[in-house]
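Written below as structure tokens is the structure these notes are about.
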Amino acid sequence: MADRDLRRFSKNLYDGVARASARSFLLNIGYSHEDLEKPIVGVAHSWIETMPCNFNHRELAEHVKKGVREAGGTPMEYNTISISDGITMGTEGMKTSLVSRELIADSIELVARGHYFDALVCIVSCDKTNPAGVMAVSRLDRPAVVVYAGSIYAGSFRGRQVAVGDMYEAIGAVSAGRMSEADLRELEAVACPGAGACGGQYTANTMSMVLELLGISPVGFNSIPAMDPAKRPASEEIGRLAMRVLEADRRPSEILTRRAFENATAAVAASGGSTNAVLHLIAMAREVGIDFTVDDIDRISQRTPLLCDLKPAGRFAAPELHKAGGIAVLTQRLIEGGHVDGDAMTVTGRTLAEECAEVREMPGQEVVRPLSDPFSAEGGLVILKGRLAPEGAVVKIAHHHPHLHRGPARVFNREEDALAAVLGQRIQPGDVVVIRYEGPRGGPGMREMLQVTGAIVGQGLGDSVALLTDGRFSGATQGLMVGHIAPEAAVGGPLAALRDGDVVLVDVPNRNLDVEGVDIAERMRDWSPPEPHYRSGVMAKYAAQVKSASEGAVTW
């Protein structure tokens, strides 16, 4: 029988005469008495047939389970939900995406508590599953490994690499007459060539990087593409690692420290990562009792150089980062520059610096620049405040995008109305598109606006039009697009006071978001909140509980 100290939880479920009924449920569906006398490792994932992002989860789970068995444990596989941001984009269905983060975390936690797992492996991919896995294991604080199932390979369109972000810009190009519908149909057939999460440094790959820098994923695993043959044996090693983590009783609370969150933020900033990381970093930190704020994120980004040439603003997709040497190439650079603390512990029991010491950087790679030649001295995440965003707003800045914009507001209360205006070519150079009542509570669910931002860029307006919203953006978004404006319009935030024609100022160097010549308090005197979109069900529950974007849009 295995050492009972490794069965701190499962022995309560399966040991002794009184638990014979529990054992009897399992003895004829593939488990033996010997299996139930070993440590039980929950293998959680989000396999679903609605998207390519998580399509390889069941296959990887089989390899993880093999590794667990070889190391003396008994794996028990279970799965939860996922929502595809990319597929639901631009529809009412997109409101369910951020809501799913809470449900995924809750369900992973709930099954682990109910079935007394001694340790966990969480396989994650599409955007909200990444933070949800960390949130769940943080609450449980049992030995755990959270790993990313991998990026999709880049597509190829007429000799150039493409990713799903190119699709949204192509839709805008068609509406502007710059691309034919036949060309669009050809592009859509090749943009997503198989299983894996979206291939640029969009939200999924940004959060994959976050997981490694947090230390909850082992260095080197996450950047292996989903369909790379190396992913399978690496997954078996994850199963063996989970057992070593259990033997060491290494808990998430030992790994997910303030230092770890600062390291992860620096990696997001240096890679030009998704603005969604702001929400997720704050939410994950909250689960381990760390007060991590938008101001912390801005401070870290200001002192971190932008080093990666990754899509959407750059040239390369995530598989090229893997070929270059993986996330560890960037991590090693940041440690050398003093931007990341290499003494932070990882799930292996070794420090981040020790894990990255053996990185093999591909000679001549151009994905990650040297410290001596950054794209810019500051990272890609910027937090704006000001009269329109007292609690903060988030913008992702690329080295070649405008940093200052002053123009008339074009105000919309729904994403669909804004998209119709863009596709109808009613937005002019110099305009500031404002989409409000799309925040965590007002949406509810804080939709991403990639269809709108992609259409703006696709029409050639990416450098001449700004966009403000209390909703979110996809990691594939580029241009001067300001999201997460808090407090949101639905709770009486200043965005609710804006009218068509108001002159809005977006001033990135001074971290300011303002409207000129408007008495916001005076306008808000007669304001009343809009009627809720949902009065029952999961969306209504979420709207009643969710907190501000500045607090990570958590529900507790």
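Labeling convention for the structure tokens: chains A, B, ... as they appear, residues from 1 per chain, ligands from 1 in order of appearance.
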
Close residues, region 458-472 of chain A itself excluded, 7 Å, only C-alpha atoms, min 6 positions apart in chain, as a ChimeraX atom specification: /A:169-173,176,401-402,405,429-439,446-449,479-486,488

Those residues you just picked out, can you put them in a file as a CSV table (one decimal), in the first residue's frame with N, CA, C and O atoms?
chain,number,residue,atom,x,y,z
A,169,GLU,N,-9.5,41.4,-39.2
A,169,GLU,CA,-9.1,42.5,-40.0
A,169,GLU,C,-9.5,42.3,-41.5
A,169,GLU,O,-9.9,43.3,-42.2
A,170,ALA,N,-9.5,41.1,-41.9
A,170,ALA,CA,-10.0,40.8,-43.3
A,170,ALA,C,-11.5,41.1,-43.5
A,170,ALA,O,-11.9,41.6,-44.6
A,171,ILE,N,-12.3,40.9,-42.4
A,171,ILE,CA,-13.7,41.2,-42.5
A,171,ILE,C,-13.8,42.7,-42.7
A,171,ILE,O,-14.6,43.2,-43.6
A,172,GLY,N,-13.0,43.5,-42.0
A,172,GLY,CA,-13.1,45.0,-42.2
A,172,GLY,C,-12.6,45.3,-43.6
A,172,GLY,O,-13.1,46.3,-44.2
A,173,ALA,N,-11.6,44.6,-44.1
A,173,ALA,CA,-11.1,44.9,-45.4
A,173,ALA,C,-12.1,44.7,-46.5
A,173,ALA,O,-12.2,45.4,-47.5
A,176,ALA,N,-14.6,47.4,-46.7
A,176,ALA,CA,-14.0,48.7,-47.2
A,176,ALA,C,-13.7,48.5,-48.7
A,176,ALA,O,-13.2,49.4,-49.3
A,401,HIS,N,2.5,52.2,-32.8
A,401,HIS,CA,1.1,52.7,-32.7
A,401,HIS,C,1.1,54.1,-32.1
A,401,HIS,O,2.0,54.5,-31.3
A,402,PRO,N,0.1,54.9,-32.5
A,402,PRO,CA,0.0,56.3,-31.9
A,402,PRO,C,-0.2,56.2,-30.4
A,402,PRO,O,-0.8,55.3,-29.8
A,405,HIS,N,-4.2,60.8,-28.8
A,405,HIS,CA,-5.4,61.0,-29.7
A,405,HIS,C,-6.3,62.0,-29.1
A,405,HIS,O,-6.7,61.8,-27.9
A,429,PRO,N,-11.7,59.2,-39.9
A,429,PRO,CA,-10.4,59.4,-39.3
A,429,PRO,C,-10.5,60.5,-38.2
A,429,PRO,O,-11.2,61.5,-38.5
A,430,GLY,N,-9.9,60.3,-37.1
A,430,GLY,CA,-10.0,61.3,-36.0
A,430,GLY,C,-11.0,61.0,-35.0
A,430,GLY,O,-11.0,61.5,-33.8
A,431,ASP,N,-12.0,60.1,-35.3
A,431,ASP,CA,-13.1,59.8,-34.3
A,431,ASP,C,-12.6,59.0,-33.2
A,431,ASP,O,-11.6,58.3,-33.2
A,432,VAL,N,-13.4,59.1,-32.1
A,432,VAL,CA,-13.2,58.2,-30.9
A,432,VAL,C,-14.5,57.4,-30.8
A,432,VAL,O,-15.5,57.9,-30.4
A,433,VAL,N,-14.4,56.1,-31.1
A,433,VAL,CA,-15.6,55.2,-31.0
A,433,VAL,C,-15.7,54.9,-29.5
A,433,VAL,O,-14.8,54.4,-28.8
A,434,VAL,N,-16.9,55.1,-28.9
A,434,VAL,CA,-17.2,54.8,-27.5
A,434,VAL,C,-18.2,53.7,-27.5
A,434,VAL,O,-19.3,53.9,-28.0
A,435,ILE,N,-17.9,52.6,-26.8
A,435,ILE,CA,-18.9,51.5,-26.7
A,435,ILE,C,-19.0,51.3,-25.2
A,435,ILE,O,-18.1,50.8,-24.5
A,436,ARG,N,-20.2,51.6,-24.7
A,436,ARG,CA,-20.5,51.5,-23.2
A,436,ARG,C,-21.6,50.5,-22.9
A,436,ARG,O,-22.2,50.0,-23.8
A,437,TYR,N,-21.8,50.3,-21.6
A,437,TYR,CA,-22.8,49.4,-21.1
A,437,TYR,C,-22.4,47.9,-21.5
A,437,TYR,O,-23.3,47.1,-21.7
A,438,GLU,N,-21.1,47.7,-21.7
A,438,GLU,CA,-20.6,46.4,-22.0
A,438,GLU,C,-19.7,45.9,-20.9
A,438,GLU,O,-18.9,45.0,-21.2
A,439,GLY,N,-19.7,46.4,-19.7
A,439,GLY,CA,-18.8,46.1,-18.7
A,439,GLY,C,-19.2,44.8,-18.0
A,439,GLY,O,-20.1,44.1,-18.4
A,446,MET,N,-18.8,41.5,-20.0
A,446,MET,CA,-17.6,42.3,-20.5
A,446,MET,C,-17.1,41.7,-21.8
A,446,MET,O,-16.0,41.2,-21.9
A,447,ARG,N,-17.9,41.8,-22.9
A,447,ARG,CA,-17.5,41.2,-24.2
A,447,ARG,C,-16.2,41.8,-24.7
A,447,ARG,O,-15.9,42.9,-24.5
A,448,GLU,N,-15.5,40.9,-25.4
A,448,GLU,CA,-14.3,41.4,-26.2
A,448,GLU,C,-14.9,42.1,-27.5
A,448,GLU,O,-15.9,41.7,-28.0
A,449,MET,N,-14.1,43.0,-28.0
A,449,MET,CA,-14.5,43.8,-29.1
A,449,MET,C,-13.7,43.6,-30.3
A,449,MET,O,-13.5,44.5,-31.2
A,479,GLY,N,-3.9,48.7,-32.1
A,479,GLY,CA,-4.3,50.1,-32.3
A,479,GLY,C,-4.5,50.7,-30.9
A,479,GLY,O,-4.3,50.1,-29.9
A,480,LEU,N,-5.0,52.0,-30.9
A,480,LEU,CA,-5.2,52.7,-29.7
A,480,LEU,C,-6.6,52.4,-29.2
A,480,LEU,O,-7.6,53.2,-29.4
A,481,MET,N,-6.7,51.3,-28.5
A,481,MET,CA,-8.0,50.8,-28.1
A,481,MET,C,-7.9,50.6,-26.5
A,481,MET,O,-7.1,49.9,-26.0
A,482,VAL,N,-8.8,51.4,-25.9
A,482,VAL,CA,-8.8,51.5,-24.4
A,482,VAL,C,-9.9,50.7,-23.8
A,482,VAL,O,-11.1,51.1,-24.1
A,483,GLY,N,-9.7,49.7,-23.0
A,483,GLY,CA,-10.7,48.9,-22.4
A,483,GLY,C,-10.7,48.9,-20.9
A,483,GLY,O,-9.9,49.5,-20.3
A,484,HIS,N,-11.6,48.1,-20.4
A,484,HIS,CA,-11.7,47.9,-18.9
A,484,HIS,C,-12.0,49.2,-18.2
A,484,HIS,O,-11.6,49.3,-17.0
A,485,ILE,N,-12.6,50.2,-18.8
A,485,ILE,CA,-12.8,51.5,-18.2
A,485,ILE,C,-13.7,51.3,-16.9
A,485,ILE,O,-14.8,50.7,-17.0
A,486,ALA,N,-13.2,51.8,-15.8
A,486,ALA,CA,-13.8,51.5,-14.5
A,486,ALA,C,-13.9,52.8,-13.7
A,486,ALA,O,-12.9,53.6,-13.7
A,488,GLU,N,-17.6,51.1,-14.6
A,488,GLU,CA,-18.3,51.0,-15.8
A,488,GLU,C,-19.6,51.8,-15.9
A,488,GLU,O,-20.1,52.3,-14.9

Near-region 144-155 of chain A list (7 Å; only C-alpha atoms; drop same-chain fewer than 2 positions) as an MDAnalysis selection string: chainID A and resid 57 119:125 133:134 137 142 157 161:163 190:199 205 208 216:217 222:226 242 251:252 317:319 347

Members of region 443-493 of chain A assigned strand (DSSP E) by DSSP, as a PyMOL selection string: chain A and resi 466-469+481-486

Convert the current residue selection to file output with all heavy atoms, as an mmCIF file, in the first residue's frame.
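This is the output file part.cif:
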data_model
loop_
_atom_site.group_PDB
_atom_site.id
_atom_site.type_symbol
_atom_site.label_atom_id
_atom_site.label_comp_id
_atom_site.auth_asym_id
_atom_site.auth_seq_id
_atom_site.Cartn_x
_atom_site.Cartn_y
_atom_site.Cartn_z
ATOM 1 N N ALA A 466 -9.459 56.035 -32.404
ATOM 2 C CA ALA A 466 -9.315 55.421 -31.086
ATOM 3 C C ALA A 466 -10.651 54.803 -30.683
ATOM 4 O O ALA A 466 -11.698 55.160 -31.239
ATOM 5 C CB ALA A 466 -8.865 56.457 -30.059
ATOM 6 N N LEU A 467 -10.601 53.887 -29.721
ATOM 7 C CA LEU A 467 -11.823 53.262 -29.233
ATOM 8 C C LEU A 467 -11.762 53.164 -27.711
ATOM 9 O O LEU A 467 -10.730 52.797 -27.149
ATOM 10 C CB LEU A 467 -11.999 51.868 -29.855
ATOM 11 C CG LEU A 467 -13.349 51.168 -29.602
ATOM 12 C CD1 LEU A 467 -13.708 50.273 -30.782
ATOM 13 C CD2 LEU A 467 -13.320 50.326 -28.329
ATOM 14 N N LEU A 468 -12.871 53.505 -27.066
ATOM 15 C CA LEU A 468 -12.992 53.393 -25.611
ATOM 16 C C LEU A 468 -14.154 52.465 -25.285
ATOM 17 O O LEU A 468 -15.207 52.536 -25.912
ATOM 18 C CB LEU A 468 -13.297 54.750 -24.958
ATOM 19 C CG LEU A 468 -12.490 55.988 -25.315
ATOM 20 C CD1 LEU A 468 -12.954 57.164 -24.459
ATOM 21 C CD2 LEU A 468 -11.012 55.744 -25.124
ATOM 22 N N THR A 469 -13.966 51.614 -24.265
ATOM 23 C CA THR A 469 -15.065 50.746 -23.844
ATOM 24 C C THR A 469 -14.877 50.299 -22.404
ATOM 25 O O THR A 469 -13.752 50.217 -21.918
ATOM 26 C CB THR A 469 -15.181 49.510 -24.761
ATOM 27 O OG1 THR A 469 -16.304 48.724 -24.349
ATOM 28 C CG2 THR A 469 -13.934 48.646 -24.707
ATOM 29 N N MET A 481 -6.705 51.287 -28.519
ATOM 30 C CA MET A 481 -7.980 50.753 -28.058
ATOM 31 C C MET A 481 -7.940 50.647 -26.535
ATOM 32 O O MET A 481 -7.133 49.883 -25.991
ATOM 33 C CB MET A 481 -8.245 49.384 -28.682
ATOM 34 C CG MET A 481 -8.011 49.320 -30.188
ATOM 35 S SD MET A 481 -9.168 50.343 -31.138
ATOM 36 C CE MET A 481 -8.596 50.058 -32.828
ATOM 37 N N VAL A 482 -8.785 51.405 -25.860
ATOM 38 C CA VAL A 482 -8.763 51.516 -24.403
ATOM 39 C C VAL A 482 -9.942 50.749 -23.821
ATOM 40 O O VAL A 482 -11.107 51.061 -24.117
ATOM 41 C CB VAL A 482 -8.827 52.989 -23.957
ATOM 42 C CG1 VAL A 482 -8.717 53.085 -22.434
ATOM 43 C CG2 VAL A 482 -7.736 53.814 -24.629
ATOM 44 N N GLY A 483 -9.671 49.731 -23.013
ATOM 45 C CA GLY A 483 -10.722 48.909 -22.445
ATOM 46 C C GLY A 483 -10.695 48.871 -20.938
ATOM 47 O O GLY A 483 -9.871 49.530 -20.290
ATOM 48 N N HIS A 484 -11.629 48.096 -20.359
ATOM 49 C CA HIS A 484 -11.720 47.883 -18.902
ATOM 50 C C HIS A 484 -11.971 49.198 -18.161
ATOM 51 O O HIS A 484 -11.581 49.346 -16.996
ATOM 52 C CB HIS A 484 -10.438 47.261 -18.340
ATOM 53 C CG HIS A 484 -9.980 46.001 -18.981
ATOM 54 N ND1 HIS A 484 -9.134 45.111 -18.358
ATOM 55 C CD2 HIS A 484 -10.226 45.466 -20.207
ATOM 56 C CE1 HIS A 484 -8.878 44.084 -19.160
ATOM 57 N NE2 HIS A 484 -9.543 44.296 -20.293
ATOM 58 N N ILE A 485 -12.600 50.180 -18.806
ATOM 59 C CA ILE A 485 -12.803 51.481 -18.164
ATOM 60 C C ILE A 485 -13.675 51.297 -16.932
ATOM 61 O O ILE A 485 -14.776 50.739 -17.001
ATOM 62 C CB ILE A 485 -13.419 52.487 -19.151
ATOM 63 C CG1 ILE A 485 -12.415 52.797 -20.273
ATOM 64 C CG2 ILE A 485 -13.848 53.762 -18.439
ATOM 65 C CD1 ILE A 485 -12.953 53.700 -21.364
ATOM 66 N N ALA A 486 -13.158 51.766 -15.805
ATOM 67 C CA ALA A 486 -13.834 51.544 -14.523
ATOM 68 C C ALA A 486 -13.873 52.839 -13.714
ATOM 69 O O ALA A 486 -12.920 53.610 -13.727
ATOM 70 C CB ALA A 486 -13.121 50.442 -13.740
#

Counting only C-alpha atoms, the option among A:Thr348, A:Arg441, A:Ala398, A:Ala61 closest to Lys541 (chain A): A:Arg441
